[in-house]
Amino acid sequence: MQTEKDLIEDCIKENRAAQKALYDRYCRKMMVVCQRYAKSTQEAEDVLQEGFIKVFANIKSFRGDARLETWITRIMINTALNAQRQKLYLIPMVDVDGIDIREDEKVSLAGFHLNDLIAIVQSLPDGCRLVFNLFAIEGYSHKEIGEMLTISEGTSKSQYSRAKSLLKVKISQQEKSYEKFGEGKV
Amino acid sequence: MKNSEKGKFEDAWQKAFSNAENAPSEDVWAGVEQSLNKVETIAMKRKVVFYQRLAAASILFALLLGGLSTYYISNLTTGQEMNLTQENSTRLSDGNDPNNNVASVPSSAEGYQKNLSEDDSKIESEGGSLWKENASDKPTGFIASFFNQPDDRRAIIKDSATRQDYKMLRVARNYPSLLSMIPEPSVELKGRMNEVTIVRKLPAMPSSFMNSKSKKHTGENLWASLGASTGNYSPSSDFNSSATSVYYQNSGTLTGAQSVYSTTASKGSVFSVGMNLGKRISKKWLVQGGVSYLNQAIGYTSNFAVVDANNTALASVAEYADAKSFSSVIALSAPYQINSVNEFISVPVQAGYLLIDRKLGLQLNSGVSSDIFMQNTLTDKSGQLASNSSGAGDASPYRTISWSGLMGTELSYKIATQYRISIAPGLRYSLNSVLKSQAAPVNPLVWDVGFRFRYIFK
């Protein structure tokens, strides 16, 4: 198997076989990233395609400071955010008054099907979905998210709070569904 | 990231998606590949435009070189090819010999034209009447053969023409309609003509050409090369370079000869061997330098020899006249042929510009070289006189160091990872005279083609 360094060098030379190998190596993980940010699988595939085109166009600038997977993930997230940005302007996010920040509850997602979890995330409103992904999964702070999405820190917090409450409801519904049909969560 | 803001909820979601994988449809890669092909097509179009411009520039350069070469060679051949003894005796005896009738019988076409110009009107009238009287006749003999010859042969025919032929030629030029009377060569067609269908096919472009991407540049930064070159040279940038140097004019002291002279041929041969070291200084620019042995050989005609302290007659030419070592004792002889060989150590320094920097390389080189004179050897071709050598130093007629301007191209091909071979046509012109004498400066102009074998350091 080709090492990552060789793969990158061959991709810089625009070797098509190497480009395909790189794509095959990371496309599945990146598909999930794109699905989390997109509203649908079709939209996720569009983002994935555009993201990989950017990866191959800019791979010369990859300096190896971070892992290649991290670098590709960042490109996918930026591509997804660009795709969603227009929607954010059309549906501006507003602060939600009276944010209820309660003590954290124990949540277990161990027995959930991946596609069910993706479907739950995709069901969130656009603004909530982006903030949830950036805060909960990617680990950005509300301040950083505010700068990335050109919204206030407070708006980011309120959107996240809303996302969190919506997700709890959805998870609860999904658990009931698993119990009813005897599948999924063990 | 502020960890304090994170709780069990976020941890659960991170864990759920940490190594999650989902296969996208095949259409995604197809879309990526299509987009990459589009980008490559644009890049290829840019390349095609680049190569078209490069081809146009190369053709222009080749035309320029070809034109200069043709002009140079034609000047060398027209009326200059040796027959030197006759020509020199004509010059040297001009006015001294009352019986000499050279002026009335010129040996070249130019001489004829000069004479003809003196009685133009006479020729016009003669010619006019001649062709009027023989209007039904087709031109034959010299004129017909003249117009049936290619251009480069005409000069030779001119030299063999008679005075009457030149009159007829002049008339023919003034009456262009006569050209139609020149007989066409008869061609007899045998057999029957068959109809032939010509099928033209468009060349197919291989898919590998569409998809292949080569490196932007070779990344060769340091190399050493061994090389050899061969070519011609003229002793002077003056194309009429066949020249006579007179050492002594008859003043009555010498008997049996009117002058002591030597004449150099218009063209000599040159070869060199050497090694170079090259270094890339930027993406497109490089410098290279080295050292080479340079050998220039040319023929002389001389009518004298010098006698040294051992009473040995040595071959000599008039260029030695200014040298301190030149013996005052000269011996006159019938004109004889000398082979003169100049040897130099050349130290060139050149800047190069890379036009193409791929497996196939093309670069333009320009620079200077300091040529360190080693030795000149004059050898009598008949072997009757002893060879005469002159090294560098105060007694030598040659400068110890002279400077030459260099210009050329180098077309190379990478035959292995660390090896490249190249062919390098070039021009070398001496910026200062190789002789110390200011009376007869000699600035050799060299055209040569070099072959080089390059080792690339990693």
# chains A, B, ... in the order shown; residues from 1 in each chain; ligands from 1
call {"tool": "residues_around", "arguments": {"residues": "Ile415 (chain B)", "least_positions_apart": "3", "cutoff": "12 Å", "atoms": "only C-alpha atoms", "output": "NGL selection string"}}
result
:B and (358-361 or 412 or 418-422 or 453-456)
call {"tool": "write_last_selection", "arguments": {"atoms": "N, CA and C atoms", "output": "CSV table (one decimal), in the first residue's frame"}}
result
chain,number,residue,atom,x,y,z
B,358,ARG,N,11.9,20.3,-19.6
B,358,ARG,CA,11.2,19.0,-19.4
B,358,ARG,C,12.2,17.9,-19.8
B,359,LYS,N,11.7,16.7,-20.1
B,359,LYS,CA,12.6,15.7,-20.6
B,359,LYS,C,13.4,16.2,-21.8
B,360,LEU,N,12.6,16.9,-22.7
B,360,LEU,CA,13.3,17.6,-23.8
B,360,LEU,C,13.5,19.0,-23.3
B,361,GLY,N,14.8,19.4,-23.5
B,361,GLY,CA,15.1,20.8,-23.0
B,361,GLY,C,15.6,21.7,-24.1
B,412,SER,N,18.4,19.6,-25.6
B,412,SER,CA,18.9,18.4,-24.9
B,412,SER,C,17.8,17.4,-24.7
B,418,GLN,N,19.9,10.7,-14.3
B,418,GLN,CA,21.0,11.6,-14.0
B,418,GLN,C,21.8,12.0,-15.3
B,419,TYR,N,21.3,11.6,-16.4
B,419,TYR,CA,22.1,11.9,-17.6
B,419,TYR,C,21.2,12.6,-18.7
B,420,ARG,N,21.9,13.4,-19.4
B,420,ARG,CA,21.2,14.2,-20.5
B,420,ARG,C,22.2,14.4,-21.6
B,421,ILE,N,21.8,14.2,-22.8
B,421,ILE,CA,22.7,14.5,-24.0
B,421,ILE,C,22.1,15.7,-24.7
B,422,SER,N,23.0,16.4,-25.4
B,422,SER,CA,22.5,17.7,-26.0
B,422,SER,C,23.3,18.0,-27.2
B,453,PHE,N,27.5,15.6,-23.2
B,453,PHE,CA,27.0,14.6,-22.3
B,453,PHE,C,27.0,15.1,-20.9
B,454,ARG,N,25.8,15.2,-20.3
B,454,ARG,CA,25.7,15.9,-19.0
B,454,ARG,C,25.3,14.9,-17.9
B,455,TYR,N,26.0,15.1,-16.8
B,455,TYR,CA,25.7,14.3,-15.6
B,455,TYR,C,25.1,15.2,-14.6
B,456,ILE,N,23.9,14.8,-14.1
B,456,ILE,CA,23.2,15.7,-13.2
B,456,ILE,C,23.4,15.3,-11.8
call {"tool": "closest_atom_pairs", "arguments": {"of": "chain B", "to": "chain A", "cutoff": "6 Å", "atoms": "only C-alpha atoms", "output": "Markdown table"}}
result
| residue | atom | partner | partner_atom | distance |
| --- | --- | --- | --- | --- |
| B:Met1 | CA | A:Ser141 | CA | 4.7 |
| B:Lys2 | CA | A:Ser141 | CA | 5.9 |
| B:Lys8 | CA | A:Lys106 | CA | 6.0 |
| B:Phe9 | CA | A:Val107 | CA | 5.6 |
| B:Glu10 | CA | A:Ala136 | CA | 4.8 |
| B:Gln14 | CA | A:Ile137 | CA | 5.0 |
| B:Glu21 | CA | A:Lys29 | CA | 4.6 |
| B:Asn22 | CA | A:Arg28 | CA | 4.8 |
| B:Ala23 | CA | A:Arg28 | CA | 4.8 |
| B:Val28 | CA | A:Gln49 | CA | 5.5 |
| B:Val32 | CA | A:Gln49 | CA | 5.7 |
call {"tool": "write_last_selection", "arguments": {"atoms": "N, CA and C atoms", "output": "mmCIF file, in the first residue's frame"}}
result
data_model
loop_
_atom_site.group_PDB
_atom_site.id
_atom_site.type_symbol
_atom_site.label_atom_id
_atom_site.label_comp_id
_atom_site.auth_asym_id
_atom_site.auth_seq_id
_atom_site.Cartn_x
_atom_site.Cartn_y
_atom_site.Cartn_z
ATOM 1 N N MET B 1 -11.241 26.262 21.613
ATOM 2 C CA MET B 1 -12.329 25.462 22.163
ATOM 3 C C MET B 1 -12.302 25.542 23.671
ATOM 4 N N LYS B 2 -13.422 25.783 24.215
ATOM 5 C CA LYS B 2 -13.494 25.840 25.671
ATOM 6 C C LYS B 2 -14.070 24.513 26.171
ATOM 7 N N LYS B 8 -21.464 15.796 28.637
ATOM 8 C CA LYS B 8 -21.671 14.411 28.213
ATOM 9 C C LYS B 8 -22.448 14.323 26.906
ATOM 10 N N PHE B 9 -23.337 15.285 26.712
ATOM 11 C CA PHE B 9 -24.131 15.298 25.468
ATOM 12 C C PHE B 9 -23.226 15.386 24.247
ATOM 13 N N GLU B 10 -22.288 16.335 24.287
ATOM 14 C CA GLU B 10 -21.371 16.540 23.158
ATOM 15 C C GLU B 10 -20.443 15.342 22.982
ATOM 16 N N GLN B 14 -19.869 13.143 19.628
ATOM 17 C CA GLN B 14 -18.523 13.018 19.042
ATOM 18 C C GLN B 14 -18.142 11.552 18.886
ATOM 19 N N GLU B 21 -18.384 5.864 8.882
ATOM 20 C CA GLU B 21 -18.123 5.865 7.439
ATOM 21 C C GLU B 21 -19.393 5.543 6.683
ATOM 22 N N ASN B 22 -19.553 6.183 5.538
ATOM 23 C CA ASN B 22 -20.694 5.939 4.663
ATOM 24 C C ASN B 22 -20.216 6.043 3.226
ATOM 25 N N ALA B 23 -20.525 5.061 2.420
ATOM 26 C CA ALA B 23 -20.023 5.088 1.045
ATOM 27 C C ALA B 23 -20.861 6.032 0.186
ATOM 28 N N VAL B 28 -20.088 10.453 -7.532
ATOM 29 C CA VAL B 28 -19.267 11.514 -6.936
ATOM 30 C C VAL B 28 -17.879 11.518 -7.576
ATOM 31 N N VAL B 32 -15.951 14.297 -9.856
ATOM 32 C CA VAL B 32 -14.618 14.824 -9.527
ATOM 33 C C VAL B 32 -13.688 14.667 -10.731
#
call {"tool": "atom_distance", "arguments": {"atom1": "CA of Arg67 (chain A)", "atom2": "CA of Ala18 (chain A)"}}
result
17.8 Å
call {"tool": "closest_residue", "arguments": {"among": "B:Ser387, B:Leu36, B:Ala16, B:Asn232", "to": "Asp116 (chain A)", "atoms": "only C-alpha atoms"}}
result
B:Ala16
call {"tool": "atom_distance", "arguments": {"atom1": "CA of Leu166 (chain A)", "atom2": "CA of Leu124 (chain A)"}}
result
7.4 Å
call {"tool": "atom_distance", "arguments": {"atom1": "CA of Thr409 (chain B)", "atom2": "CA of Val449 (chain B)"}}
result
9.7 Å
call {"tool": "residues_around", "arguments": {"residues": "Asn78 (chain A)", "least_positions_apart": "2", "cutoff": "12 Å", "atoms": "only C-alpha atoms", "output": "list of chain:residue names"}}
result
A:Val33, A:Cys34, A:Tyr37, A:Val47, A:Leu48, A:Glu50, A:Gly51, A:Phe52, A:Lys54, A:Val55, A:Trp71, A:Ile72, A:Thr73, A:Arg74, A:Ile75, A:Met76, A:Ala80, A:Leu81, A:Asn82, A:Ala83, A:Gln84, A:Arg85, A:Leu130, A:Leu134, A:Met148, A:Leu149
